[in-house]
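Source file: query_36.pdb; contents: PDB, C-alpha atoms, pLDDT in the B column.
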```
MODEL        1
ATOM      1  CA  MET Y   1     -58.538 -39.072   1.070  1.00 44.00           C
ATOM      2  CA  SER Y   2     -58.147 -37.941  -2.538  1.00 47.00           C
ATOM      3  CA  ASN Y   3     -58.692 -40.406  -5.340  1.00 48.00           C
ATOM      4  CA  SER Y   4     -55.712 -40.381  -7.735  1.00 46.00           C
ATOM      5  CA  THR Y   5     -57.816 -41.517 -10.698  1.00 46.00           C
ATOM      6  CA  THR Y   6     -59.455 -38.280 -11.772  1.00 41.00           C
ATOM      7  CA  LYS Y   7     -60.981 -37.610 -15.173  1.00 50.00           C
ATOM      8  CA  ILE Y   8     -58.522 -37.486 -18.046  1.00 55.00           C
ATOM      9  CA  GLY Y   9     -57.519 -33.959 -18.811  1.00 80.00           C
ATOM     10  CA  THR Y  10     -58.217 -32.414 -15.409  1.00 90.00           C
ATOM     11  CA  LYS Y  11     -55.077 -33.100 -13.382  1.00 95.00           C
ATOM     12  CA  ASN Y  12     -53.483 -29.650 -13.683  1.00 96.00           C
ATOM     13  CA  LEU Y  13     -54.394 -26.052 -14.443  1.00 95.00           C
ATOM     14  CA  ILE Y  14     -51.313 -24.934 -16.358  1.00 96.00           C
ATOM     15  CA  GLY Y  15     -50.737 -27.552 -19.055  1.00 96.00           C
ATOM     16  CA  PHE Y  16     -52.139 -25.447 -21.885  1.00 95.00           C
ATOM     17  CA  ASN Y  17     -50.101 -22.433 -20.785  1.00 96.00           C
ATOM     18  CA  ILE Y  18     -46.909 -24.485 -20.705  1.00 97.00           C
ATOM     19  CA  ARG Y  19     -47.730 -25.714 -24.210  1.00 97.00           C
ATOM     20  CA  ASN Y  20     -48.258 -22.141 -25.434  1.00 97.00           C
ATOM     21  CA  ILE Y  21     -44.944 -21.028 -23.935  1.00 97.00           C
ATOM     22  CA  ARG Y  22     -43.178 -23.995 -25.574  1.00 97.00           C
ATOM     23  CA  LEU Y  23     -44.735 -23.172 -28.951  1.00 98.00           C
ATOM     24  CA  LYS Y  24     -43.684 -19.511 -28.627  1.00 97.00           C
ATOM     25  CA  MET Y  25     -40.151 -20.820 -28.073  1.00 97.00           C
ATOM     26  CA  ASP Y  26     -40.578 -22.780 -31.338  1.00 98.00           C
ATOM     27  CA  MET Y  27     -39.609 -26.075 -29.678  1.00 98.00           C
ATOM     28  CA  SER Y  28     -40.850 -29.596 -30.153  1.00 98.00           C
ATOM     29  CA  GLN Y  29     -41.794 -31.504 -27.020  1.00 98.00           C
ATOM     30  CA  ARG Y  30     -38.554 -33.468 -27.311  1.00 98.00           C
ATOM     31  CA  ASP Y  31     -36.454 -30.291 -27.627  1.00 98.00           C
ATOM     32  CA  PHE Y  32     -38.362 -28.733 -24.735  1.00 98.00           C
ATOM     33  CA  ALA Y  33     -37.708 -31.781 -22.526  1.00 98.00           C
ATOM     34  CA  GLU Y  34     -33.979 -31.576 -23.348  1.00 98.00           C
ATOM     35  CA  PHE Y  35     -34.002 -27.826 -22.637  1.00 98.00           C
ATOM     36  CA  LEU Y  36     -35.600 -28.404 -19.223  1.00 98.00           C
ATOM     37  CA  GLN Y  37     -33.143 -31.212 -18.472  1.00 98.00           C
ATOM     38  CA  CYS Y  38     -30.183 -28.957 -19.276  1.00 98.00           C
ATOM     39  CA  HIS Y  39     -31.579 -26.482 -16.744  1.00 98.00           C
ATOM     40  CA  GLY Y  40     -32.052 -29.063 -13.992  1.00 97.00           C
ATOM     41  CA  LEU Y  41     -35.666 -30.198 -14.408  1.00 98.00           C
ATOM     42  CA  ASP Y  42     -35.663 -33.886 -15.323  1.00 97.00           C
ATOM     43  CA  MET Y  43     -38.635 -34.419 -17.652  1.00 97.00           C
ATOM     44  CA  SER Y  44     -39.079 -36.653 -20.665  1.00 98.00           C
ATOM     45  CA  LYS Y  45     -41.044 -35.938 -23.825  1.00 98.00           C
ATOM     46  CA  SER Y  46     -43.745 -38.254 -22.488  1.00 98.00           C
ATOM     47  CA  THR Y  47     -43.966 -36.243 -19.273  1.00 98.00           C
ATOM     48  CA  ILE Y  48     -44.307 -33.008 -21.251  1.00 98.00           C
ATOM     49  CA  THR Y  49     -47.099 -34.599 -23.304  1.00 97.00           C
ATOM     50  CA  HIS Y  50     -48.968 -35.651 -20.176  1.00 97.00           C
ATOM     51  CA  ILE Y  51     -48.574 -32.216 -18.589  1.00 97.00           C
ATOM     52  CA  GLU Y  52     -49.716 -30.364 -21.713  1.00 96.00           C
ATOM     53  CA  THR Y  53     -52.774 -32.603 -22.098  1.00 95.00           C
ATOM     54  CA  LYS Y  54     -53.551 -32.232 -18.379  1.00 95.00           C
ATOM     55  CA  LYS Y  55     -53.167 -35.951 -17.747  1.00 96.00           C
ATOM     56  CA  ARG Y  56     -50.422 -35.508 -15.131  1.00 96.00           C
ATOM     57  CA  ARG Y  57     -50.314 -33.555 -11.918  1.00 97.00           C
ATOM     58  CA  ILE Y  58     -47.520 -31.032 -11.444  1.00 97.00           C
ATOM     59  CA  THR Y  59     -45.752 -30.664  -8.125  1.00 97.00           C
ATOM     60  CA  ASP Y  60     -45.141 -27.323  -6.470  1.00 97.00           C
ATOM     61  CA  TYR Y  61     -41.410 -27.875  -7.015  1.00 98.00           C
ATOM     62  CA  GLU Y  62     -41.978 -28.393 -10.768  1.00 98.00           C
ATOM     63  CA  ILE Y  63     -44.117 -25.260 -10.985  1.00 98.00           C
ATOM     64  CA  ARG Y  64     -41.373 -23.248  -9.292  1.00 98.00           C
ATOM     65  CA  GLU Y  65     -38.786 -24.695 -11.675  1.00 98.00           C
ATOM     66  CA  PHE Y  66     -40.930 -23.989 -14.759  1.00 98.00           C
ATOM     67  CA  CYS Y  67     -41.146 -20.349 -13.641  1.00 97.00           C
ATOM     68  CA  ARG Y  68     -37.402 -20.142 -12.991  1.00 97.00           C
ATOM     69  CA  ILE Y  69     -36.306 -21.851 -16.201  1.00 97.00           C
ATOM     70  CA  LEU Y  70     -38.861 -20.189 -18.489  1.00 97.00           C
ATOM     71  CA  GLN Y  71     -38.448 -16.826 -16.716  1.00 96.00           C
ATOM     72  CA  VAL Y  72     -42.188 -16.357 -16.275  1.00 97.00           C
ATOM     73  CA  SER Y  73     -44.278 -15.457 -13.251  1.00 97.00           C
ATOM     74  CA  TYR Y  74     -46.698 -17.733 -11.450  1.00 97.00           C
ATOM     75  CA  ASP Y  75     -49.445 -15.459 -12.757  1.00 96.00           C
ATOM     76  CA  THR Y  76     -48.365 -16.204 -16.319  1.00 95.00           C
ATOM     77  CA  LEU Y  77     -48.406 -19.959 -15.748  1.00 95.00           C
ATOM     78  CA  PHE Y  78     -51.797 -19.822 -14.078  1.00 95.00           C
ATOM     79  CA  ASP Y  79     -53.152 -17.199 -16.532  1.00 90.00           C
ATOM     80  CA  ILE Y  80     -54.230 -14.883 -13.742  1.00 72.00           C
TER      81      ILE Y  80
ENDMDL
END
```
This structure in structure tokens:
Amino acid sequence: MSNSTTKIGTKNLIGFNIRNIRLKMDMSQRDFAEFLQCHGLDMSKSTITHIETKKRRITDYEIREFCRILQVSYDTLFDI
């Protein structure tokens, strides 16, 4: 069974890439959260912060929605 209390900053692989995409869009975390919400992905500024700092896991559904909303490939999110 997996332990849900992993080291801080190691809970996802794509947080920094999401941050870079957000910065290229010239959006604050709050604006980015509102943008995602308007496109059907319910995330708060706090959630964005935790994703970008790799303190929150991201579900497969959320990854798919990030790709759809941001119009990027999985390869781009995972920096492959």
Give as a PyMOL selection string each residue that has an atom at most 12 Å from (-47.1, -25.2, -22.2) in the file, counting all atoms listed in the file. chain Y and resi 12-29+32-33+47-54+63+66-67+70+72+76-79
Measure the distance from atom CA of Y:Gly40 to atom CA of Y:Ile80 in Å and round it to one decimal. 26.3 Å
Give me, please, the distance in Å between atom CA of Y:Arg64 and atom CA of Y:Glu34, quoted to one decimal.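 If I compute the distance from atom CA of Y:Arg64 to atom CA of Y:Glu34, I get 17.9 Å.
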Two-atom distance - atom CA of Y:Asp60, atom CA of Y:Phe35 (Å):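 So the answer is 19.6 Å.
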Using all atoms listed in the file, which of Y:Tyr61, Y:Thr10, Y:Ser73, Y:Arg30 sits nearest Y:Lys45?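 Result for the nearest residue to Y:Lys45: Y:Arg30.
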Using all atoms listed in the file, find the one residue out of Y:Arg68, Y:Asp31, Y:Thr59, Y:Lys11 that sits nearest to Y:Ser46. Y:Asp31
Mind completing stretch 51-73 of chain Y with N, CA and C atoms? Output as a PDB file, keeping the file's coordinate frame, please?
```pdb
ATOM      1  N   ILE Y  51     -48.313 -33.507 -19.230  1.00 97.00           N
ATOM      2  CA  ILE Y  51     -48.574 -32.216 -18.589  1.00 97.00           C
ATOM      3  C   ILE Y  51     -49.409 -31.338 -19.509  1.00 97.00           C
ATOM      4  N   GLU Y  52     -49.018 -31.238 -20.770  1.00 96.00           N
ATOM      5  CA  GLU Y  52     -49.716 -30.364 -21.713  1.00 96.00           C
ATOM      6  C   GLU Y  52     -51.150 -30.808 -21.966  1.00 96.00           C
ATOM      7  N   THR Y  53     -51.414 -32.095 -21.885  1.00 95.00           N
ATOM      8  CA  THR Y  53     -52.774 -32.603 -22.098  1.00 95.00           C
ATOM      9  C   THR Y  53     -53.527 -32.761 -20.784  1.00 95.00           C
ATOM     10  N   LYS Y  54     -52.944 -32.242 -19.706  1.00 95.00           N
ATOM     11  CA  LYS Y  54     -53.551 -32.232 -18.379  1.00 95.00           C
ATOM     12  C   LYS Y  54     -53.844 -33.630 -17.839  1.00 95.00           C
ATOM     13  N   LYS Y  55     -53.009 -34.575 -18.217  1.00 96.00           N
ATOM     14  CA  LYS Y  55     -53.167 -35.951 -17.747  1.00 96.00           C
ATOM     15  C   LYS Y  55     -52.199 -36.282 -16.614  1.00 96.00           C
ATOM     16  N   ARG Y  56     -51.403 -35.302 -16.204  1.00 96.00           N
ATOM     17  CA  ARG Y  56     -50.422 -35.508 -15.131  1.00 96.00           C
ATOM     18  C   ARG Y  56     -50.459 -34.320 -14.189  1.00 96.00           C
ATOM     19  N   ARG Y  57     -50.415 -34.614 -12.918  1.00 97.00           N
ATOM     20  CA  ARG Y  57     -50.314 -33.555 -11.918  1.00 97.00           C
ATOM     21  C   ARG Y  57     -48.907 -32.963 -11.957  1.00 97.00           C
ATOM     22  N   ILE Y  58     -48.809 -31.722 -11.491  1.00 97.00           N
ATOM     23  CA  ILE Y  58     -47.520 -31.032 -11.444  1.00 97.00           C
ATOM     24  C   ILE Y  58     -47.261 -30.652  -9.995  1.00 97.00           C
ATOM     25  N   THR Y  59     -46.079 -30.982  -9.515  1.00 97.00           N
ATOM     26  CA  THR Y  59     -45.752 -30.664  -8.125  1.00 97.00           C
ATOM     27  C   THR Y  59     -45.438 -29.183  -7.966  1.00 97.00           C
ATOM     28  N   ASP Y  60     -45.490 -28.717  -6.734  1.00 97.00           N
ATOM     29  CA  ASP Y  60     -45.141 -27.323  -6.470  1.00 97.00           C
ATOM     30  C   ASP Y  60     -43.691 -27.048  -6.848  1.00 97.00           C
ATOM     31  N   TYR Y  61     -42.817 -28.019  -6.626  1.00 98.00           N
ATOM     32  CA  TYR Y  61     -41.410 -27.875  -7.015  1.00 98.00           C
ATOM     33  C   TYR Y  61     -41.301 -27.688  -8.536  1.00 98.00           C
ATOM     34  N   GLU Y  62     -42.033 -28.496  -9.309  1.00 98.00           N
ATOM     35  CA  GLU Y  62     -41.978 -28.393 -10.768  1.00 98.00           C
ATOM     36  C   GLU Y  62     -42.516 -27.054 -11.247  1.00 98.00           C
ATOM     37  N   ILE Y  63     -43.572 -26.566 -10.614  1.00 98.00           N
ATOM     38  CA  ILE Y  63     -44.117 -25.260 -10.985  1.00 98.00           C
ATOM     39  C   ILE Y  63     -43.066 -24.172 -10.746  1.00 98.00           C
ATOM     40  N   ARG Y  64     -42.421 -24.229  -9.590  1.00 98.00           N
ATOM     41  CA  ARG Y  64     -41.373 -23.248  -9.292  1.00 98.00           C
ATOM     42  C   ARG Y  64     -40.255 -23.321 -10.337  1.00 98.00           C
ATOM     43  N   GLU Y  65     -39.860 -24.528 -10.699  1.00 98.00           N
ATOM     44  CA  GLU Y  65     -38.786 -24.695 -11.675  1.00 98.00           C
ATOM     45  C   GLU Y  65     -39.207 -24.243 -13.070  1.00 98.00           C
ATOM     46  N   PHE Y  66     -40.441 -24.511 -13.477  1.00 98.00           N
ATOM     47  CA  PHE Y  66     -40.930 -23.989 -14.759  1.00 98.00           C
ATOM     48  C   PHE Y  66     -40.811 -22.471 -14.776  1.00 98.00           C
ATOM     49  N   CYS Y  67     -41.243 -21.814 -13.709  1.00 97.00           N
ATOM     50  CA  CYS Y  67     -41.146 -20.349 -13.641  1.00 97.00           C
ATOM     51  C   CYS Y  67     -39.699 -19.887 -13.737  1.00 97.00           C
ATOM     52  N   ARG Y  68     -38.822 -20.529 -12.994  1.00 97.00           N
ATOM     53  CA  ARG Y  68     -37.402 -20.142 -12.991  1.00 97.00           C
ATOM     54  C   ARG Y  68     -36.774 -20.345 -14.366  1.00 97.00           C
ATOM     55  N   ILE Y  69     -36.956 -21.518 -14.931  1.00 97.00           N
ATOM     56  CA  ILE Y  69     -36.306 -21.851 -16.201  1.00 97.00           C
ATOM     57  C   ILE Y  69     -36.882 -21.038 -17.357  1.00 97.00           C
ATOM     58  N   LEU Y  70     -38.215 -20.896 -17.378  1.00 97.00           N
ATOM     59  CA  LEU Y  70     -38.861 -20.189 -18.489  1.00 97.00           C
ATOM     60  C   LEU Y  70     -38.906 -18.686 -18.266  1.00 97.00           C
ATOM     61  N   GLN Y  71     -38.471 -18.244 -17.083  1.00 96.00           N
ATOM     62  CA  GLN Y  71     -38.448 -16.826 -16.716  1.00 96.00           C
ATOM     63  C   GLN Y  71     -39.826 -16.191 -16.883  1.00 96.00           C
ATOM     64  N   VAL Y  72     -40.818 -16.868 -16.291  1.00 97.00           N
ATOM     65  CA  VAL Y  72     -42.188 -16.357 -16.275  1.00 97.00           C
ATOM     66  C   VAL Y  72     -42.679 -16.327 -14.829  1.00 97.00           C
ATOM     67  N   SER Y  73     -43.702 -15.553 -14.594  1.00 97.00           N
ATOM     68  CA  SER Y  73     -44.278 -15.457 -13.251  1.00 97.00           C
ATOM     69  C   SER Y  73     -45.288 -16.584 -13.040  1.00 97.00           C
TER      70      SER Y  73
END
```
